[in-house]
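The file my_file_20.cif contains mmCIF, C-alpha atoms:
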data_entry
loop_
_atom_site.label_atom_id
_atom_site.label_comp_id
_atom_site.auth_asym_id
_atom_site.auth_seq_id
_atom_site.Cartn_x
_atom_site.Cartn_y
_atom_site.Cartn_z
CA MET A 297 26.27 3.74 -1.15
CA TYR A 298 25.14 4.37 2.42
CA THR A 299 24.17 7.51 4.29
CA SER A 300 25.14 7.94 7.95
CA LYS A 301 23.25 10.52 9.95
CA ILE A 302 25.22 11.35 13.07
CA ASN A 303 24.02 13.43 16.02
CA ILE A 304 26.68 14.66 18.42
CA LYS A 305 25.55 16.20 21.68
CA ILE A 306 27.35 17.70 24.67
CA ARG A 307 26.91 15.40 27.69
CA ASP A 308 23.93 16.26 29.88
CA THR A 309 26.18 16.90 32.88
CA ILE A 310 28.14 19.59 31.03
CA LEU A 311 26.89 23.15 30.75
CA ASP A 312 25.75 24.16 27.26
CA PRO A 313 25.88 27.98 27.04
CA GLN A 314 24.83 28.04 23.37
CA GLY A 315 21.74 26.01 24.26
CA LYS A 316 20.94 28.37 27.14
CA ALA A 317 21.23 31.38 24.81
CA VAL A 318 18.83 29.83 22.30
CA GLU A 319 16.45 28.86 25.11
CA HIS A 320 16.45 32.47 26.26
CA SER A 321 15.67 33.66 22.71
CA LEU A 322 12.84 31.15 22.42
CA LYS A 323 11.35 32.41 25.68
CA SER A 324 11.60 36.00 24.41
CA LEU A 325 9.63 34.92 21.35
CA GLY A 326 6.91 33.52 23.61
CA PHE A 327 7.77 29.82 23.52
CA ASN A 328 7.29 29.36 27.25
CA SER A 329 6.67 25.63 27.09
CA VAL A 330 10.27 24.96 25.99
CA THR A 331 11.99 23.98 29.24
CA ASP A 332 15.42 22.85 28.05
CA THR A 333 17.56 23.31 24.93
CA ARG A 334 20.78 21.55 24.01
CA ILE A 335 22.74 22.22 20.87
CA GLY A 336 25.06 19.86 19.10
CA LYS A 337 26.30 18.91 15.68
CA TYR A 338 24.60 17.01 12.91
CA ILE A 339 26.88 15.31 10.41
CA GLU A 340 25.85 13.43 7.30
CA LEU A 341 28.35 11.12 5.64
CA LYS A 342 28.01 9.34 2.30
CA ILE A 343 29.95 6.11 2.53
CA ASP A 344 30.83 3.93 -0.42
CA THR A 345 31.01 0.39 0.94
CA LEU A 346 29.50 -2.93 0.00
CA SER A 347 27.74 -3.78 3.26
CA GLU A 348 25.79 -1.89 5.89
CA GLU A 349 28.01 -3.52 8.53
CA ASP A 350 31.08 -1.87 7.01
CA ALA A 351 29.31 1.49 6.79
CA LYS A 352 28.40 1.26 10.49
CA LYS A 353 31.94 0.29 11.43
CA ILE A 354 33.40 3.21 9.48
CA THR A 355 30.89 5.67 10.98
CA GLU A 356 31.69 4.48 14.51
CA GLU A 357 35.41 4.90 13.80
CA THR A 358 35.05 8.41 12.32
CA CYS A 359 33.13 9.46 15.45
CA ARG A 360 35.74 8.03 17.79
CA LYS A 361 38.76 9.31 15.88
CA LEU A 362 37.66 12.72 14.65
CA LEU A 363 34.06 13.88 14.86
CA ALA A 364 33.20 13.60 18.56
CA ASN A 365 35.12 14.64 21.64
CA PRO A 366 35.04 11.49 23.79
CA VAL A 367 35.38 13.46 27.03
CA MET A 368 32.56 15.94 26.54
CA GLU A 369 30.28 14.56 23.86
CA ASP A 370 27.96 11.64 23.17
CA TYR A 371 27.06 10.52 19.67
CA GLU A 372 24.44 8.39 18.03
CA PHE A 373 23.94 7.54 14.38
CA VAL A 374 21.66 5.83 11.90
CA VAL A 375 22.97 4.21 8.73
CA SER A 376 20.65 3.69 5.78
CA LYS A 377 21.11 2.44 2.23
CA ASP A 378 20.57 5.06 -0.45
CA GLY A 379 17.51 4.45 -2.64
CA GLU A 380 17.96 2.24 -5.69
CA GLY A 381 18.17 3.98 -9.04
CA LYS A 382 19.44 7.24 -7.58
CA MET B 95 6.99 16.26 28.66
CA TYR B 96 8.17 15.71 25.11
CA THR B 97 11.61 15.70 23.51
CA SER B 98 12.12 17.15 20.03
CA LYS B 99 15.24 16.13 18.16
CA ILE B 100 15.84 18.56 15.32
CA ASN B 101 18.41 18.20 12.54
CA ILE B 102 19.18 21.29 10.52
CA LYS B 103 21.22 20.92 7.37
CA ILE B 104 22.50 23.32 4.72
CA ARG B 105 20.63 22.70 1.43
CA ASP B 106 22.37 20.27 -0.90
CA THR B 107 22.73 22.91 -3.60
CA ILE B 108 24.70 25.22 -1.30
CA LEU B 109 28.42 24.77 -0.75
CA ASP B 110 29.35 23.50 2.73
CA PRO B 111 32.99 24.47 3.37
CA GLN B 112 32.99 23.07 6.92
CA GLY B 113 31.83 19.72 5.55
CA LYS B 114 34.56 19.81 2.88
CA ALA B 115 37.19 20.50 5.55
CA VAL B 116 36.04 17.55 7.66
CA GLU B 117 35.91 15.34 4.57
CA HIS B 118 39.50 16.28 3.82
CA SER B 119 40.53 15.42 7.41
CA LEU B 120 38.73 12.07 7.18
CA LYS B 121 40.61 11.28 3.95
CA SER B 122 43.92 12.19 5.63
CA LEU B 123 43.06 9.70 8.36
CA GLY B 124 42.53 7.02 5.74
CA PHE B 125 38.75 6.99 5.49
CA ASN B 126 38.75 6.84 1.71
CA SER B 127 35.27 5.38 1.40
CA VAL B 128 33.67 8.58 2.73
CA THR B 129 32.60 10.39 -0.45
CA ASP B 130 30.60 13.33 0.92
CA THR B 131 30.26 15.14 4.24
CA ARG B 132 27.69 17.76 5.22
CA ILE B 133 27.64 19.46 8.59
CA GLY B 134 24.64 20.98 10.28
CA LYS B 135 23.14 21.60 13.69
CA TYR B 136 21.46 19.21 16.06
CA ILE B 137 19.05 20.77 18.54
CA GLU B 138 17.20 19.00 21.32
CA LEU B 139 14.23 20.72 22.94
CA LYS B 140 12.30 19.62 26.02
CA ILE B 141 8.73 20.79 25.60
CA ASP B 142 6.16 20.80 28.37
CA THR B 143 2.80 20.31 26.65
CA LEU B 144 -0.12 17.98 27.07
CA SER B 145 -0.25 16.47 23.59
CA GLU B 146 2.27 15.31 21.02
CA GLU B 147 0.42 17.39 18.41
CA ASP B 148 1.13 20.57 20.37
CA ALA B 149 4.79 19.60 20.81
CA LYS B 150 5.12 19.06 17.04
CA LYS B 151 3.42 22.37 16.30
CA ILE B 152 5.74 24.22 18.69
CA THR B 153 8.83 22.53 17.26
CA GLU B 154 7.80 23.41 13.71
CA GLU B 155 7.26 27.02 14.78
CA THR B 156 10.61 27.32 16.61
CA CYS B 157 12.35 26.04 13.47
CA ARG B 158 10.55 28.50 11.23
CA LYS B 159 10.91 31.50 13.51
CA LEU B 160 14.37 31.08 15.00
CA LEU B 161 16.34 27.89 14.61
CA ALA B 162 16.62 27.39 10.85
CA ASN B 163 17.44 29.83 8.08
CA PRO B 164 14.61 29.27 5.60
CA VAL B 165 16.70 30.40 2.63
CA MET B 166 19.72 28.16 3.14
CA GLU B 167 18.69 25.36 5.44
CA ASP B 168 16.36 22.39 5.61
CA TYR B 169 15.19 20.87 8.86
CA GLU B 170 13.61 17.67 10.02
CA PHE B 171 12.58 16.60 13.51
CA VAL B 172 11.24 13.74 15.58
CA VAL B 173 9.10 14.29 18.66
CA SER B 174 8.88 11.60 21.32
CA LYS B 175 7.25 11.36 24.71
CA ASP B 176 9.68 11.12 27.62
CA GLY B 177 9.63 7.80 29.45
CA GLU B 178 7.12 7.38 32.28
CA GLY B 179 8.45 7.71 35.81
CA LYS B 180 11.32 9.95 34.81
#
Could you spell out this file's structure in structure tokens?
Amino acid sequence: MYTSKINIKIRDTILDPQGKAVEHSLKSLGFNSVTDTRIGKYIELKIDTLSEEDAKKITEETCRKLLANPVMEDYEFVVSKDGEGK
Amino acid sequence: MYTSKINIKIRDTILDPQGKAVEHSLKSLGFNSVTDTRIGKYIELKIDTLSEEDAKKITEETCRKLLANPVMEDYEFVVSKDGEGK
């Protein structure tokens, strides 16, 4: 069993109003050193395959076909094997 | 300048209907090896501080005070220094 941790982020060139709103709230709370905020999605998949290669391939495909919007979003992911004995 | 990459996830013991919906869609698309899906938030902060310690402290504080719901969510983050010359 493998775990894929996927981060999906709106491209840097595209305006992120949700991020701006959170940035504004952070500034109101006194966090003046925060200069930029971007908000995206975090998705964790448990994948039941035999090899890490397969798990990576499946994760890549799920991002391309469903999870990420290829026009507006970038994604990156890390695949790791679940601990033995769990 | 430092970049904080924060992943916020609903606790494993709490039902994640959005994750279940995506899992169902993945199965409809033929991804039968995906056995669990959890959806959370990904937040990227740019922090203008002198030391990595300060950046970590600020990130921790933003999570506690605004970004994460301490009752329902867990968070983890990585802080890295932005590349020289950028």
- [ ] Given the file shown, determine the residues that the PyMOL selection byres ((chain A and resi 303-316) around 7) selects; report them as a ChimeraX atom specification.
- [x] /A:301-302,317-320,333-339,364,368-373 /B:136
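The protein and nucleic acid residues lying at most 8 Å from Val375 in chain A are Tyr298, Thr299, Ser300, Lys301, Glu348, Ala351 and Lys352 of chain A, with all atoms listed in the file considered and sequence neighbours fewer than 4 positions away removed.
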- [ ] Work out how far CA of Leu325 in chain A is from CA of Thr156 in chain B, in Å to one decimal.
- [x] 9.0 Å
Task: Best match for closeness to chain A among B:Ser145, B:Ser127, B:Thr153, B:Ser122, counting all atoms listed in the file - done: B:Ser127
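Here CA of Leu322 in chain A stands at a distance of 7.6 Å from CA of Leu160 in chain B.
Minimum distance to chain B across A:Lys342, A:Lys377, A:Lys361, A:Lys353 (counting only C-alpha atoms) occurs at A:Lys342.
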Open item on the list: Given only C-alpha atoms as the basis, pick out the residue of B:Arg158, B:Ile152, B:Gly177, B:Val172 nearest to Val330 in chain A.
Closed with: B:Ile152
